[in-house]
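Have a look at my_file_11.cif below; it lists mmCIF, C-alpha atoms.
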data_upload
#
loop_
_atom_site.label_atom_id
_atom_site.label_comp_id
_atom_site.auth_asym_id
_atom_site.auth_seq_id
_atom_site.Cartn_x
_atom_site.Cartn_y
_atom_site.Cartn_z
CA MET A 1 9.68 -9.42 -49.46
CA GLY A 2 11.20 -6.59 -47.42
CA LYS A 3 8.46 -4.22 -48.58
CA PHE A 4 5.78 -6.15 -46.73
CA LEU A 5 7.78 -6.34 -43.49
CA TRP A 6 8.57 -2.62 -43.69
CA THR A 7 4.87 -1.81 -44.20
CA VAL A 8 3.99 -3.70 -41.01
CA VAL A 9 6.74 -1.89 -39.07
CA LEU A 10 5.47 1.49 -40.26
CA MET A 11 1.90 0.60 -39.25
CA LYS A 12 3.02 -0.37 -35.76
CA MET A 13 5.03 2.85 -35.39
CA LYS A 14 1.98 4.88 -36.42
CA PHE A 15 -0.11 3.04 -33.84
CA LEU A 16 2.38 3.73 -31.03
CA LEU A 17 2.46 7.43 -31.89
CA SER A 18 -1.31 7.61 -31.46
CA ILE A 19 -1.45 5.99 -28.00
CA THR A 20 -1.76 9.27 -26.08
CA LEU A 21 -4.78 10.51 -28.05
CA ALA A 22 -6.42 7.11 -27.84
CA MET A 23 -6.05 7.01 -24.06
CA MET A 24 -7.54 10.50 -23.75
CA TYR A 25 -10.53 9.35 -25.79
CA LEU A 26 -10.97 6.20 -23.70
CA THR A 27 -10.81 8.18 -20.48
CA SER A 28 -13.58 10.49 -21.63
CA LEU A 29 -15.75 7.48 -22.49
CA ALA A 30 -15.07 5.75 -19.20
CA GLN A 31 -15.84 8.80 -17.12
CA GLY A 32 -19.23 9.02 -18.77
CA LYS A 33 -20.16 5.46 -17.86
CA PHE A 34 -21.01 6.04 -14.20
CA ARG A 35 -21.92 8.65 -11.63
CA ILE A 36 -21.68 8.38 -7.86
CA THR A 37 -25.16 8.88 -6.40
CA ALA A 38 -25.95 11.44 -3.72
CA VAL A 39 -26.67 8.76 -1.11
CA GLU A 40 -23.34 7.07 -1.88
CA GLU A 41 -21.51 10.37 -1.61
CA ASP A 42 -23.14 11.14 1.74
CA THR A 43 -22.29 7.68 3.05
CA LEU A 44 -18.72 7.95 1.82
CA ASN A 45 -18.31 11.33 3.56
CA ALA A 46 -19.76 9.97 6.79
CA HIS A 47 -17.68 6.76 6.90
CA PHE A 48 -14.70 7.59 4.71
CA LYS A 49 -11.92 6.28 6.99
CA ASP A 50 -13.77 3.04 7.73
CA ILE A 51 -14.59 2.44 4.07
CA VAL A 52 -11.00 3.04 2.97
CA ARG A 53 -9.76 0.65 5.65
CA GLU A 54 -12.37 -1.98 4.79
CA THR A 55 -11.60 -1.91 1.06
CA ASN A 56 -7.83 -1.61 1.18
CA LEU A 57 -7.17 -5.33 0.76
CA SER A 58 -9.88 -5.91 -1.87
CA VAL A 59 -8.50 -3.04 -3.98
CA GLN A 60 -4.98 -4.44 -3.82
CA ASP A 61 -6.18 -8.00 -4.50
CA TYR A 62 -8.24 -7.04 -7.53
CA GLU A 63 -5.50 -4.91 -9.08
CA VAL A 64 -3.09 -7.83 -8.79
CA SER A 65 -5.68 -10.29 -10.13
CA LEU A 66 -6.16 -8.07 -13.19
CA ARG A 67 -2.43 -8.11 -13.87
CA LEU A 68 -2.29 -11.87 -13.48
CA LYS A 69 -5.18 -12.40 -15.89
CA PHE A 70 -4.70 -9.59 -18.43
CA HIS A 71 -2.02 -7.44 -20.01
CA VAL A 72 -2.32 -4.10 -18.20
CA PRO A 73 -0.12 -1.47 -19.89
CA MET A 74 1.61 0.99 -17.58
CA ARG A 75 0.06 3.86 -19.54
CA VAL A 76 -3.43 2.95 -18.23
CA SER A 77 -2.56 1.40 -14.85
CA HIS A 78 -3.27 4.66 -12.98
CA GLU A 79 -6.74 5.01 -14.48
CA ILE A 80 -7.53 1.35 -13.86
CA GLY A 81 -6.38 1.66 -10.25
CA ARG A 82 -8.65 4.67 -9.79
CA PHE A 83 -11.65 2.82 -11.21
CA VAL A 84 -11.01 -0.22 -9.00
CA ARG A 85 -10.71 1.96 -5.91
CA GLU A 86 -13.88 3.91 -6.69
CA ARG A 87 -15.77 0.69 -7.42
CA GLU A 88 -14.81 -0.88 -4.09
CA TRP A 89 -15.63 2.31 -2.19
CA ARG A 90 -19.07 2.52 -3.79
CA LYS A 91 -19.79 -1.13 -3.05
CA ALA A 92 -18.70 -0.65 0.57
CA CYS A 93 -21.19 2.22 0.93
CA TYR A 94 -24.03 -0.30 0.66
CA ASN A 95 -22.82 -2.09 3.76
CA TYR A 96 -24.13 1.04 5.52
CA ILE A 97 -27.00 2.05 3.22
CA TYR A 98 -28.64 -1.40 3.28
CA ARG A 99 -27.18 -2.73 6.49
CA ASP A 100 -30.37 -4.73 7.20
CA SER A 101 -31.15 -5.96 3.67
CA VAL A 102 -28.69 -8.45 2.20
CA PHE A 103 -30.74 -8.72 -1.02
CA ARG A 104 -30.62 -4.99 -1.77
CA ARG A 105 -27.01 -4.78 -0.68
CA VAL A 106 -25.87 -7.57 -2.99
CA LYS A 107 -28.03 -6.36 -5.90
CA CYS A 108 -26.52 -2.88 -5.76
CA LYS A 109 -23.01 -4.26 -5.56
CA GLN A 110 -23.63 -6.46 -8.60
CA GLU A 111 -24.90 -3.48 -10.57
CA ILE A 112 -21.80 -1.49 -9.65
CA ASP A 113 -19.56 -4.40 -10.65
CA SER A 114 -21.29 -4.55 -14.03
CA VAL A 115 -20.86 -0.83 -14.70
CA TYR A 116 -17.20 -0.79 -13.72
CA ARG A 117 -16.50 -3.97 -15.68
CA ASP A 118 -17.42 -2.04 -18.82
CA SER A 119 -15.29 0.90 -17.71
CA LEU A 120 -12.26 -1.30 -17.09
CA ASN A 121 -12.83 -3.14 -20.36
CA LEU A 122 -12.65 0.15 -22.23
CA PHE A 123 -8.95 0.11 -21.38
CA LEU A 124 -8.28 -3.63 -21.49
CA ILE A 125 -10.07 -4.60 -24.73
CA PRO A 126 -7.78 -2.65 -27.11
CA VAL A 127 -4.65 -4.39 -25.77
CA ARG A 128 -3.19 -7.29 -27.74
CA GLY A 129 -3.48 -10.64 -25.99
CA ASN A 130 -6.35 -9.85 -23.62
CA ASN A 131 -9.08 -11.43 -25.81
CA ILE A 132 -11.92 -10.13 -23.66
CA SER A 133 -14.40 -9.59 -26.48
CA GLY A 134 -13.13 -11.85 -29.25
CA GLU A 135 -9.97 -11.38 -31.27
CA ASN A 136 -11.17 -9.45 -34.33
CA VAL A 137 -13.04 -6.34 -33.19
CA SER A 138 -10.46 -5.83 -30.45
CA LEU A 139 -7.68 -6.03 -33.08
CA ALA A 140 -9.42 -3.34 -35.13
CA LEU A 141 -9.58 -1.17 -32.00
CA ILE A 142 -5.89 -1.76 -31.28
CA TYR A 143 -4.98 -0.53 -34.76
CA LYS A 144 -7.52 2.30 -34.90
CA ASP A 145 -5.06 4.74 -36.46
CA THR A 146 -3.56 2.24 -38.87
CA LEU A 147 -7.09 1.58 -40.13
CA ALA A 148 -7.89 5.32 -40.04
CA LEU A 149 -11.02 4.79 -37.95
CA ASP A 150 -12.95 7.96 -37.28
CA ASN A 151 -14.43 8.62 -33.83
CA ALA A 152 -17.87 7.32 -34.82
CA GLN A 153 -16.41 4.06 -36.12
CA TYR A 154 -14.23 3.63 -33.05
CA GLN A 155 -17.07 4.29 -30.63
CA TYR A 156 -19.40 1.91 -32.48
CA LEU A 157 -16.80 -0.86 -32.54
CA MET A 158 -16.08 -0.33 -28.85
CA GLU A 159 -19.78 -0.53 -27.98
CA LYS A 160 -20.01 -3.81 -29.91
CA ALA A 161 -16.86 -5.09 -28.22
CA LEU A 162 -18.30 -4.30 -24.78
CA SER A 163 -21.51 -6.11 -25.70
CA MET A 164 -19.54 -9.19 -26.77
CA ALA A 165 -17.46 -8.98 -23.60
CA ARG A 166 -20.67 -9.12 -21.56
CA GLN A 167 -21.78 -12.20 -23.50
CA LEU A 168 -18.44 -13.92 -22.94
CA TYR A 169 -18.47 -12.98 -19.26
CA ARG A 170 -21.84 -14.69 -18.85
CA ASN A 171 -20.84 -17.66 -20.99
CA PRO A 172 -17.15 -18.02 -21.94
CA LYS A 173 -18.05 -20.76 -24.46
CA VAL A 174 -20.26 -18.52 -26.62
CA ASN A 175 -18.95 -18.04 -30.18
CA VAL A 176 -18.95 -14.37 -31.23
CA TRP A 177 -16.95 -14.86 -34.45
CA ASN A 178 -19.85 -14.33 -36.85
CA ASP A 179 -20.96 -11.27 -34.89
CA GLU A 180 -17.45 -9.83 -35.13
CA MET A 181 -17.22 -10.37 -38.87
CA GLU A 182 -20.65 -8.85 -39.42
CA VAL A 183 -19.69 -5.79 -37.39
CA LEU A 184 -16.38 -5.34 -39.21
CA THR A 185 -17.76 -5.82 -42.73
CA GLU A 186 -20.61 -3.39 -42.03
CA THR A 187 -18.49 -0.76 -40.25
CA LEU A 188 -15.21 -0.69 -42.17
CA THR A 189 -14.77 0.53 -45.72
CA PRO A 190 -13.33 -1.99 -48.24
CA GLU A 191 -9.93 -0.29 -47.90
CA GLN A 192 -10.08 -0.43 -44.10
CA LEU A 193 -11.15 -4.08 -44.20
CA ASN A 194 -8.18 -4.95 -46.42
CA SER A 195 -5.88 -3.08 -44.04
CA PHE A 196 -7.37 -5.00 -41.12
CA PHE A 197 -6.55 -8.37 -42.68
CA MET A 198 -3.12 -7.14 -43.67
CA VAL A 199 -2.41 -6.20 -40.07
CA LYS A 200 -3.69 -9.57 -38.94
CA TYR A 201 -1.91 -11.79 -41.45
CA ALA A 202 1.04 -9.88 -42.95
CA MET A 203 3.69 -11.71 -40.95
CA ASN A 204 2.06 -15.10 -41.54
CA ILE A 205 1.79 -14.58 -45.30
CA THR A 206 5.32 -13.19 -45.53
CA GLN A 207 6.66 -16.32 -43.86
CA THR A 208 4.59 -18.50 -46.21
CA LEU A 209 6.03 -16.67 -49.21
CA TYR A 210 9.57 -16.92 -47.87
CA ASN A 211 9.25 -20.69 -47.34
CA GLY A 212 7.48 -21.09 -50.68
CA TRP A 213 10.20 -19.31 -52.63
CA LYS A 214 12.82 -21.56 -51.03
CA LYS A 215 10.85 -24.61 -52.23
CA LEU A 216 10.69 -23.22 -55.76
CA VAL A 217 14.44 -22.61 -55.77
CA ALA A 218 15.08 -26.13 -54.49
CA GLU A 219 12.86 -27.56 -57.26
CA GLY A 220 14.58 -25.45 -59.93
CA LEU A 221 11.35 -23.61 -60.75
CA SER A 222 12.15 -20.09 -59.56
CA ASP A 223 13.68 -19.09 -62.92
CA GLN A 224 10.22 -19.34 -64.47
CA LEU A 225 8.97 -16.48 -62.32
CA ASP A 226 9.61 -12.78 -61.85
CA LYS A 227 10.47 -12.76 -58.15
CA ILE A 228 9.04 -9.35 -57.20
CA GLU A 229 5.96 -9.39 -59.44
CA ASP A 230 4.97 -12.99 -58.75
CA ILE A 231 5.54 -12.71 -55.00
CA ASN A 232 3.32 -9.60 -54.95
CA LYS A 233 0.58 -11.48 -56.82
CA ALA A 234 0.88 -14.44 -54.46
CA TYR A 235 0.75 -12.11 -51.46
CA ARG A 236 -2.50 -10.53 -52.65
CA TYR A 237 -3.95 -13.98 -53.34
CA TYR A 238 -3.09 -15.35 -49.89
CA LEU A 239 -4.43 -12.18 -48.25
CA GLU A 240 -7.77 -12.55 -50.05
CA GLN A 241 -7.82 -16.23 -49.12
CA LYS A 242 -7.36 -15.38 -45.43
CA LYS A 243 -10.03 -12.72 -45.69
CA ILE A 244 -12.59 -15.10 -47.18
CA SER A 245 -11.74 -17.84 -44.68
CA ASP A 246 -12.26 -15.46 -41.76
CA ILE A 247 -15.42 -13.74 -42.97
CA TYR A 248 -17.12 -17.02 -43.84
CA ARG A 249 -15.48 -19.26 -41.23
CA TYR A 250 -18.80 -20.58 -39.94
CA ARG A 251 -20.70 -20.21 -43.21
CA SER A 252 -19.41 -23.19 -45.16
CA SER A 253 -21.45 -22.78 -48.37
CA ALA A 254 -20.51 -19.13 -48.87
CA LYS A 255 -16.91 -19.93 -47.99
CA ARG A 256 -16.70 -22.73 -50.59
CA ARG A 257 -18.23 -20.54 -53.29
CA SER A 258 -15.93 -17.60 -52.59
CA LEU A 259 -12.78 -19.73 -52.39
CA ALA A 260 -13.73 -21.52 -55.62
CA GLU A 261 -14.13 -18.17 -57.37
CA LEU A 262 -10.78 -17.00 -55.99
CA ASP A 263 -9.16 -20.24 -57.13
CA LYS A 264 -9.92 -19.29 -60.74
CA ARG A 265 -7.51 -16.37 -60.32
CA LYS A 266 -4.74 -18.36 -58.65
CA PRO A 267 -1.30 -16.88 -59.51
CA ASP A 268 1.42 -18.96 -61.14
CA MET A 269 3.58 -19.04 -58.00
CA VAL A 270 0.73 -20.43 -55.91
CA ARG A 271 -0.10 -23.03 -58.59
CA MET A 272 3.51 -24.19 -58.59
CA LEU A 273 3.58 -24.47 -54.81
CA ASP A 274 0.29 -26.37 -54.81
CA THR A 275 1.75 -28.81 -57.34
CA ILE A 276 4.88 -29.31 -55.24
CA GLU A 277 2.80 -30.02 -52.13
CA ARG A 278 0.46 -32.36 -54.02
CA ASN A 279 3.38 -34.33 -55.45
CA ALA A 280 4.94 -34.55 -51.98
CA ARG A 281 1.71 -35.98 -50.56
CA ILE A 282 1.44 -38.55 -53.36
CA ALA A 283 5.04 -39.61 -52.82
CA GLU A 284 4.45 -39.96 -49.09
CA GLN A 285 1.33 -42.07 -49.67
CA GLU A 286 3.22 -44.34 -52.08
CA GLN A 287 6.02 -44.73 -49.59
CA ASN A 288 3.57 -45.67 -46.82
CA LYS A 289 2.07 -48.39 -49.02
CA GLN A 290 5.43 -50.11 -49.40
#
Once you've parsed the file, please lay out its structure as structure tokens.
Amino acid sequence: MGKFLWTVVLMKMKFLLSITLAMMYLTSLAQGKFRITAVEEDTLNAHFKDIVRETNLSVQDYEVSLRLKFHVPMRVSHEIGRFVREREWRKACYNYIYRDSVFRRVKCKQEIDSVYRDSLNLFLIPVRGNNISGENVSLALIYKDTLALDNAQYQYLMEKALSMARQLYRNPKVNVWNDEMEVLTETLTPEQLNSFFMVKYAMNITQTLYNGWKKLVAEGLSDQLDKIEDINKAYRYYLEQKKISDIYRYRSSAKRRSLAELDKRKPDMVRMLDTIERNARIAEQEQNKQ
């Protein structure tokens, strides 16, 4: 039991040690997403004090709104603040460039918002709890070093995550789960995919095994098992079960076939627990009839 928990702790430590390099990589990507145009630069130079004064409140408001809506780690807050400030300054330039054309002014501001949304999301997507682009690809990005993603894999996953974030921004109800699973199964190696699901479900499965072993002890069945060996087999079974359920969540036929095939290899510990739960349900139904 402790082996699984210790593995998760080690993976998290490895991730934290890699934060600095990851942030350097993200910064290089973000800086390549946009360029201030010559006309914007000229306008900013000509009206710098006015633009700074005009945008001061909007910069402060947006930075606070980001913190209220998302988890913004201190390690990236400076970069995010810089992007927000530059975005508001660029948008303010069009109050001068297209002073007499509200259509052009608004269109340019919307384009700038779109570009900087991607740039900000580069930092916010790989942060647990933000759920900007769906939960799965972002989780893979969070644990890039645990999964041993190379730069090409990371960049491809981030591009897909940004694309999904745009979809969700336009329509928060859109379901990107199948897209995420397709991206992960095509991008990750089998070993990386197994590591991904271990990161995602290790704690959940460990708790299931802990509770399950207590049930077996209470029923006097634990002596029939080798604790370490059978728990390891049950762990691998539950992990594969979670993996199948996620990959085929919205593909019911494939999910049923894969789970049925897995069921043929069900370990003894899991069979015992299934029997205990089935007997408990039957007893409850009989009691309700009385």
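Of the listed residues (A:Ile276, A:Tyr94, A:Leu66, A:Gln241), A:Ile276 comes nearest to Ala218 (chain A); the distances count all atoms listed in the file.
The two atoms in question, CA of Ile80 (chain A) and CA of Val59 (chain A), are spaced 10.9 Å apart.
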> Can you tell me, as a PyMOL selection string, which residues sit within 9 Å of (-5.5, -0.5, -29.2) in the file's frame, using all atoms listed in the file?
Replying inline: chain A and resi 15+19+22+123-128+138-145
File dump, residues just selected, C-alpha atoms, as an mmCIF file, in the coordinates of the input:
data_model
loop_
_atom_site.group_PDB
_atom_site.id
_atom_site.type_symbol
_atom_site.label_atom_id
_atom_site.label_comp_id
_atom_site.auth_asym_id
_atom_site.auth_seq_id
_atom_site.Cartn_x
_atom_site.Cartn_y
_atom_site.Cartn_z
ATOM 1 C CA PHE A 15 -0.110 3.040 -33.840
ATOM 2 C CA ILE A 19 -1.450 5.990 -28.000
ATOM 3 C CA ALA A 22 -6.420 7.110 -27.840
ATOM 4 C CA PHE A 123 -8.950 0.110 -21.380
ATOM 5 C CA LEU A 124 -8.280 -3.630 -21.490
ATOM 6 C CA ILE A 125 -10.070 -4.600 -24.730
ATOM 7 C CA PRO A 126 -7.780 -2.650 -27.110
ATOM 8 C CA VAL A 127 -4.650 -4.390 -25.770
ATOM 9 C CA ARG A 128 -3.190 -7.290 -27.740
ATOM 10 C CA SER A 138 -10.460 -5.830 -30.450
ATOM 11 C CA LEU A 139 -7.680 -6.030 -33.080
ATOM 12 C CA ALA A 140 -9.420 -3.340 -35.130
ATOM 13 C CA LEU A 141 -9.580 -1.170 -32.000
ATOM 14 C CA ILE A 142 -5.890 -1.760 -31.280
ATOM 15 C CA TYR A 143 -4.980 -0.530 -34.760
ATOM 16 C CA LYS A 144 -7.520 2.300 -34.900
ATOM 17 C CA ASP A 145 -5.060 4.740 -36.460
#
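Taking CA of Arg256 (chain A) and CA of Met181 (chain A) as endpoints, the distance between them is 17.0 Å.
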Need the neighbours of (-11.2, -13.7, -43.7): which residues are at most 12 Å away, counting only C-alpha atoms, as a short mmCIF file (atom, residue, chain, number, x, y, z; two decimals) with C-alpha atoms, in the frame of the given file?
data_model
loop_
_atom_site.label_atom_id
_atom_site.label_comp_id
_atom_site.auth_asym_id
_atom_site.auth_seq_id
_atom_site.Cartn_x
_atom_site.Cartn_y
_atom_site.Cartn_z
CA ASN A 136 -11.17 -9.45 -34.33
CA TRP A 177 -16.95 -14.86 -34.45
CA ASN A 178 -19.85 -14.33 -36.85
CA GLU A 180 -17.45 -9.83 -35.13
CA MET A 181 -17.22 -10.37 -38.87
CA GLU A 182 -20.65 -8.85 -39.42
CA LEU A 184 -16.38 -5.34 -39.21
CA THR A 185 -17.76 -5.82 -42.73
CA LEU A 193 -11.15 -4.08 -44.20
CA ASN A 194 -8.18 -4.95 -46.42
CA SER A 195 -5.88 -3.08 -44.04
CA PHE A 196 -7.37 -5.00 -41.12
CA PHE A 197 -6.55 -8.37 -42.68
CA MET A 198 -3.12 -7.14 -43.67
CA LYS A 200 -3.69 -9.57 -38.94
CA TYR A 201 -1.91 -11.79 -41.45
CA TYR A 238 -3.09 -15.35 -49.89
CA LEU A 239 -4.43 -12.18 -48.25
CA GLU A 240 -7.77 -12.55 -50.05
CA GLN A 241 -7.82 -16.23 -49.12
CA LYS A 242 -7.36 -15.38 -45.43
CA LYS A 243 -10.03 -12.72 -45.69
CA ILE A 244 -12.59 -15.10 -47.18
CA SER A 245 -11.74 -17.84 -44.68
CA ASP A 246 -12.26 -15.46 -41.76
CA ILE A 247 -15.42 -13.74 -42.97
CA TYR A 248 -17.12 -17.02 -43.84
CA ARG A 249 -15.48 -19.26 -41.23
CA TYR A 250 -18.80 -20.58 -39.94
CA ARG A 251 -20.70 -20.21 -43.21
CA ALA A 254 -20.51 -19.13 -48.87
CA LYS A 255 -16.91 -19.93 -47.99
CA SER A 258 -15.93 -17.60 -52.59
CA LEU A 259 -12.78 -19.73 -52.39
#
>> As a check of understanding, name the residues that the PyMOL selection byres ((chain A and resi 109) around 12) selects in the supplied structure, as a PyMOL selection string.
In response: chain A and resi 40+87-95+97-98+102-108+110-116
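Atom pair CA of Arg170 (chain A) / CA of Leu68 (chain A) has a distance of 20.5 Å (rounded to one decimal).
Nearest-residue note for Tyr96 (chain A): choosing from A:Asp263, A:Asp42, A:Glu191, A:Asp268, the minimum distance belongs to A:Asp42, counting all atoms listed in the file.
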